[in-house]
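Since the structure comes first, as structure tokens, the remarks are kept for the end.
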Amino acid sequence: MSQTDTVDISAQSWTNNVWFKRLLTIAQFIFVLVLTFLGLLAITFFIGRVIPIDPVLAIVGDRATQELYDATREAMGLDQPLVVQFFSYVFDVFRGDLGNSASTGRLVIEDLKRVFPATLEMATIGIFIGVLLGVPMGVLSAANEGKWVDQVFRVLGLVGYSVPAFWLGLVGLALFYGNLGWVAGPGRIGIFYEGIVTPVTGLILVDSVLQGEWEIFYDAIHHLVLPASILGFFSLAYIARMTRSFMLDQLSQEFVTTARVKGVPEYKVIWKHAFLPIRVPLITVIGLSYAGLLEGSVMIETVFSWPGIGNYLTVALLNADMNAVLGATLVIGAVFIFINKISDVLYRVLDPRSR
Amino acid sequence: MSNMTEWLLSDSPTSKGQAFAGRAWRMWLSLLGNPLAITGLIIVVVLVLMAAFAPIIAPYSPVGQDLQNRLLPPSWQHWMGTDELGRDIFSRVVHGSRLTLMIVLLVAAISAPLGLLIGAISGYFGGWVDKVMMGITDIFLSMPKLIMALAFVAALGPGIENAIIAIAITAWPAYARIARAETLTFRNAEFIDAIKLQGASPARIIINHVLPLCTSSMIVRVTLDMAGIILTAAGLGFLGLGAQPPLPEWGAMISRGRAFILDQWWVATMPGFAIIVVSLGFCFLGDGLRDILDPKNEGKS
């Protein structure tokens, strides 16, 4: 009797072990991640191979010779059944083979490696702006619930959901570049500075500092500030809204009332008692909006002729360059999914309640 | 009048019709108490009226060219100025409301029932059906929507119909999630068991008894999503993948004005205001509807 009891308890404590639970969470995370990536690949495969009536024509273009057409058809393995085609497609993608771009004539993967840092740079600065402004805005809104500050921020947030990014970009250009001349125009860097800095990381702010080219650094900031701020504005709306709702949740808890009754100063109640517990869910929110910024950069990059992955995608779209379109879709999609799932699992691992 | 309100607000309605009218009346009253929601409602009603009576409201033809009067700034003759072909921008914006309304309604009409059905089936049957269907839904849900829509349009070819299909393909998973969550809350309820005992088939239960109960949260969500749909459609139009010229689609109009943004700012700016106002209207209305129809979610996400 007593023996079975101890067995039961040890089995229970083993499955309740924090590390075991974490391991399970991580294993589950990897499983879901792999499945989602396969789903993404299935969608791009479907878009590239199943929807077009003639996928070969979609890749080689209608001016291709018959030999090229036949060779491409054979290389694509279109005579094989769809399942076999799909797995050879997955295999190709994992080898980094995304095909050739019809418009640039280079390998799509090489193109993507070249343009991705520009997007990363803009989205990262954007998220910094969004967090540094959005979190205090949300906290302030919650602390003054229902007052005018709250109303103004609420409307500002709703505007963030209603303004087309490309329109805001154009208006920003007209105002701050055209009229006021405060910022530089479209592009990533002035034409005189083109090609001076050799790309090491691909992030022009980092590269120019590493090579001591301060003039280029300032020029790059001049070009970056407007698109990154506009991008940041869109993440700000979401971050502020979520921060506000988390804070309201905390401020209505009993321990907050207790602290107030004990005479703890209000700023301490807000920033220590209420804000500290919401750091973990905020990480998820920030992660989600960072992923959203990578997506949102497509429109902004098009408006600002920013040589990133979004601009690459839209140029490829207009040239009906399907390999490039699908390659860019795949990369943006994969990064988006990865950040999404990571912030989700981080939340579950870091949240004390899940222990 | 007082008899009428008494009848509407009666605690013990004598007929189905009275109960329904009473519920609608109470909702209307609480909607009136929410200024933002009323603003949203007015904007949406104006949009519908504008679309319905576009030829009467618009002072000029939306496609008629007048090259002598090209790129005129806003004035009494042309409230929003003229574009590079001398077309009156205000008239084009008014006619564009028809396209916007059509896109929004068609996307909602395709994606909401689809998501509703998938979610209700998934939640009602549970088990493996649920796991597989929600797995697929989650995969779609974790894709970047705009990028997916872009890729679909790239394969289907540019055009307003394909843009609508592409947006609908990316919009349904959120509805499936909501419908499933709603279904789970009353799937083991007594009234469902009672219908089962009467011998109703699963199809009958889902269509007649589960789906109607999901509609209110679905209406809220669809209204809130309208702004996003409008922005995506305008984005596709801006990139030249949505409505094709000479259709007066707002996003496409902004794209045409891009070349003149530094000197003739009104060409690109004016259609943008239309997009913002309409999107805001749907946001306000959706926010208000959520407070009324879905009080448990108040103040959250």
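Identifiers in this document derive from the order of the structure tokens: chains are assigned A, B, ..., residues are numbered from 1 separately in each chain, and ligands are numbered from 1 in order of occurrence.
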Residues within 12 Å of B:Ala274, only C-alpha atoms, excluding chain neighbours under 4 positions, as a PyMOL selection string = (chain A and resi 162-164+167) or (chain B and resi 43-44+46-47+50+80+89-90+92-97+100+230-231+234+249-251+253-254+268-270+278-281)
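Excluding stretch 311-318 of chain A itself and same-chain residues fewer than 5 positions from it, the residues having an atom within 7 Å of it are Val298, Glu301, Thr302, Ser305, Trp306, Ala324, Val325 and Ala328 of chain A; Ala154 of chain B, counting only C-alpha atoms.
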Can I get the selection written as a compact mmCIF listing (two decimals), in the first residue's frame, with N, CA and C atoms?
# COMPACT_ATOMS: atom_id res chain seq x y z
N VAL A 298 6.44 46.14 -46.76
CA VAL A 298 6.26 45.98 -48.20
C VAL A 298 5.75 47.29 -48.82
N GLU A 301 8.28 50.33 -48.18
CA GLU A 301 9.46 50.23 -49.04
C GLU A 301 9.14 50.63 -50.47
N THR A 302 7.94 50.26 -50.93
CA THR A 302 7.56 50.62 -52.29
C THR A 302 7.48 52.13 -52.43
N SER A 305 11.06 53.70 -52.19
CA SER A 305 12.08 53.05 -53.03
C SER A 305 13.20 52.49 -52.17
N TRP A 306 12.84 51.92 -51.04
CA TRP A 306 13.81 51.36 -50.10
C TRP A 306 14.24 49.99 -50.62
N ALA A 324 10.91 34.95 -58.08
CA ALA A 324 11.27 35.98 -57.10
C ALA A 324 10.12 36.24 -56.15
N VAL A 325 8.89 36.28 -56.69
CA VAL A 325 7.72 36.53 -55.84
C VAL A 325 7.60 35.44 -54.78
N ALA A 328 10.51 35.56 -52.17
CA ALA A 328 10.33 36.62 -51.18
C ALA A 328 9.18 36.28 -50.24
N ALA B 154 -0.67 37.56 -57.58
CA ALA B 154 0.38 37.40 -58.59
C ALA B 154 0.10 36.17 -59.45
inquiry  = Just the number, please: distance in Å from atom CA of A:Ser297 to atom CA of A:Pro227, one decimal.
reply    = 8.8 Å
task = Quote the spacing between atom CA of A:Ser103 and atom CA of B:Phe238 in Å to one decimal place.
result =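 Separation of atom CA of A:Ser103 and atom CA of B:Phe238: 21.2 Å.
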Selection: 8 Å around stretch 246-258 of chain A, only C-alpha atoms, excl. self and same-chain fewer than 5 positions, as a VMD selection string = chain A and resid 138 to 139 142 to 143 269 to 270 273 to 275 278
Any chance you could export the current selection's C-alpha atoms as a PDB file, in the first residue's frame?
ATOM      1  CA  GLY A 138      -0.541  52.588 -23.030  1.00  0.00           C
ATOM      2  CA  VAL A 139       0.478  52.939 -19.371  1.00  0.00           C
ATOM      3  CA  ALA A 142      -4.613  53.046 -18.337  1.00  0.00           C
ATOM      4  CA  ALA A 143      -3.576  55.296 -15.435  1.00  0.00           C
ATOM      5  CA  VAL A 269       1.936  51.613  -7.877  1.00  0.00           C
ATOM      6  CA  ILE A 270       1.785  52.063 -11.638  1.00  0.00           C
ATOM      7  CA  HIS A 273       3.209  46.948  -8.843  1.00  0.00           C
ATOM      8  CA  ALA A 274       1.184  47.071 -12.037  1.00  0.00           C
ATOM      9  CA  PHE A 275       3.777  47.355 -14.800  1.00  0.00           C
ATOM     10  CA  ILE A 278       2.897  42.690 -17.584  1.00  0.00           C
TER      11      ILE A 278
END
ask   = What separation in Å, quoted to one decimal, exists between atom CA of A:Leu24 and atom CA of B:Gly126?
value =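 Rounded to one decimal, the two atoms are 23.3 Å apart.
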Residues flagged alpha helix (DSSP H) by DSSP in stretch 113-249 of chain B, as JSON, numbers by chain = {"B": [113, 114, 115, 116, 117, 118, 119, 120, 121, 122, 123, 124, 125, 127, 128, 129, 130, 131, 132, 133, 134, 135, 136, 137, 138, 139, 140, 141, 145, 146, 147, 148, 149, 150, 151, 152, 153, 154, 155, 156, 160, 161, 162, 163, 164, 165, 166, 167, 168, 169, 170, 171, 172, 173, 174, 175, 176, 177, 178, 179, 180, 181, 182, 183, 184, 185, 186, 190, 191, 192, 193, 194, 195, 196, 197, 202, 203, 204, 211, 212, 213, 214, 215, 216, 217, 218, 219, 220, 221, 222, 223, 224, 225, 226, 227, 228, 229, 230, 231, 232, 233, 234, 235, 236, 237, 238]}
So that I have them on file, write out the residues from the current selection with C-alpha atoms, as a compact mmCIF listing (two decimals), in the first residue's frame.
# COMPACT_ATOMS: atom_id res chain seq x y z
CA PRO B 113 -19.73 31.96 -43.88
CA LEU B 114 -16.73 29.82 -44.80
CA GLY B 115 -15.01 30.48 -41.48
CA LEU B 116 -18.28 30.09 -39.60
CA LEU B 117 -18.97 26.70 -41.12
CA ILE B 118 -15.44 25.38 -40.61
CA GLY B 119 -15.34 26.61 -37.02
CA ALA B 120 -18.79 25.27 -36.13
CA ILE B 121 -18.10 21.83 -37.63
CA SER B 122 -14.74 21.71 -35.89
CA GLY B 123 -16.15 22.70 -32.52
CA TYR B 124 -19.26 20.56 -32.75
CA PHE B 125 -17.58 17.28 -33.68
CA GLY B 127 -11.79 14.95 -31.68
CA TRP B 128 -9.79 14.33 -34.83
CA VAL B 129 -12.00 16.48 -37.05
CA ASP B 130 -11.29 19.39 -34.72
CA LYS B 131 -7.54 18.72 -34.54
CA VAL B 132 -7.09 18.51 -38.31
CA MET B 133 -9.32 21.44 -39.20
CA MET B 134 -7.93 23.73 -36.51
CA GLY B 135 -4.40 22.69 -37.46
CA ILE B 136 -5.03 23.89 -41.00
CA THR B 137 -6.74 27.03 -39.69
CA ASP B 138 -3.78 27.80 -37.44
CA ILE B 139 -1.35 27.39 -40.32
CA PHE B 140 -3.35 29.90 -42.38
CA LEU B 141 -3.68 32.14 -39.33
CA LYS B 145 -1.99 38.16 -44.67
CA LEU B 146 -0.89 40.93 -46.99
CA ILE B 147 2.00 38.91 -48.41
CA MET B 148 -0.27 35.91 -48.99
CA ALA B 149 -2.83 38.09 -50.74
CA LEU B 150 -0.05 39.55 -52.91
CA ALA B 151 1.23 36.13 -53.87
CA PHE B 152 -2.25 34.83 -54.69
CA VAL B 153 -2.99 37.85 -56.89
CA ALA B 154 0.38 37.40 -58.59
CA ALA B 155 -0.65 33.88 -59.58
CA LEU B 156 -4.29 34.64 -60.38
CA ILE B 160 -10.58 43.40 -58.78
CA GLU B 161 -12.22 39.94 -58.74
CA ASN B 162 -8.91 38.21 -58.06
CA ALA B 163 -8.08 40.75 -55.37
CA ILE B 164 -11.37 39.92 -53.67
CA ILE B 165 -10.66 36.18 -53.85
CA ALA B 166 -7.13 36.66 -52.52
CA ILE B 167 -8.28 38.76 -49.56
CA ALA B 168 -11.08 36.31 -48.76
CA ILE B 169 -8.62 33.40 -48.76
CA THR B 170 -6.56 35.16 -46.10
CA ALA B 171 -9.52 36.39 -44.01
CA TRP B 172 -11.49 33.24 -43.11
CA PRO B 173 -9.23 31.63 -40.43
CA ALA B 174 -9.97 34.27 -37.79
CA TYR B 175 -13.70 33.62 -38.21
CA ALA B 176 -13.22 29.88 -37.95
CA ARG B 177 -11.40 30.38 -34.62
CA ILE B 178 -14.20 32.52 -33.21
CA ALA B 179 -16.96 30.21 -34.40
CA ARG B 180 -15.19 27.23 -32.87
CA ALA B 181 -14.73 28.96 -29.52
CA GLU B 182 -18.40 29.96 -29.49
CA THR B 183 -19.53 26.47 -30.46
CA LEU B 184 -17.48 24.90 -27.68
CA THR B 185 -19.27 26.99 -25.06
CA PHE B 186 -22.72 25.54 -25.84
CA GLU B 190 -29.07 21.03 -22.63
CA PHE B 191 -30.92 22.51 -25.56
CA ILE B 192 -28.49 20.84 -27.96
CA ASP B 193 -29.03 17.50 -26.18
CA ALA B 194 -32.78 18.05 -26.40
CA ILE B 195 -32.60 18.56 -30.17
CA LYS B 196 -30.36 15.50 -30.47
CA LEU B 197 -32.92 13.40 -28.60
CA PRO B 202 -25.62 17.04 -37.10
CA ALA B 203 -26.11 19.14 -40.23
CA ARG B 204 -29.47 20.34 -38.96
CA LEU B 211 -24.66 28.95 -36.46
CA PRO B 212 -27.34 31.47 -35.41
CA LEU B 213 -25.77 31.67 -31.96
CA CYS B 214 -22.36 32.48 -33.43
CA THR B 215 -23.63 35.34 -35.58
CA SER B 216 -23.46 38.17 -33.05
CA SER B 217 -19.77 37.76 -32.26
CA MET B 218 -19.20 37.20 -35.97
CA ILE B 219 -20.89 40.49 -36.88
CA VAL B 220 -18.65 42.31 -34.41
CA ARG B 221 -15.52 40.71 -35.77
CA VAL B 222 -16.44 41.26 -39.42
CA THR B 223 -17.18 44.94 -38.76
CA LEU B 224 -13.84 45.35 -36.99
CA ASP B 225 -12.08 43.58 -39.87
CA MET B 226 -13.66 45.82 -42.49
CA ALA B 227 -10.98 48.48 -41.97
CA GLY B 228 -8.27 45.90 -42.57
CA ILE B 229 -10.01 44.61 -45.69
CA ILE B 230 -10.36 48.13 -47.07
CA LEU B 231 -6.67 48.83 -46.40
CA THR B 232 -5.54 45.57 -48.03
CA ALA B 233 -7.74 46.16 -51.07
CA ALA B 234 -6.44 49.71 -51.39
CA GLY B 235 -2.89 48.40 -51.01
CA LEU B 236 -3.42 45.92 -53.84
CA GLY B 237 -4.90 48.75 -55.91
CA PHE B 238 -1.91 50.95 -55.08
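Comparing the minimum interatomic distances between chain A and each of B:Ala19, B:Pro248, B:Leu36, B:Pro73, counting only C-alpha atoms, we find that B:Leu36 sits nearest.
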task = List the neighbours of A:Gly202 out to 9 Å using only C-alpha atoms; skip same-chain residues closer than 2 positions along the sequence, and give me the result as a list in words.
result =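 In the requested form, the answer reads Arg114, Val115, Phe116, Pro117, Ala118, Glu121, Thr198, Pro199, Val200, Ile204, Leu205, Val206 and Asp207 of chain A.
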Surrounding residues of A:Leu140 excluding itself and chain neighbours under 5 positions, 8 Å, only C-alpha atoms, as a list of chain:residue names =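 Returned residues: A:Val149, A:Asp150, A:Arg244.
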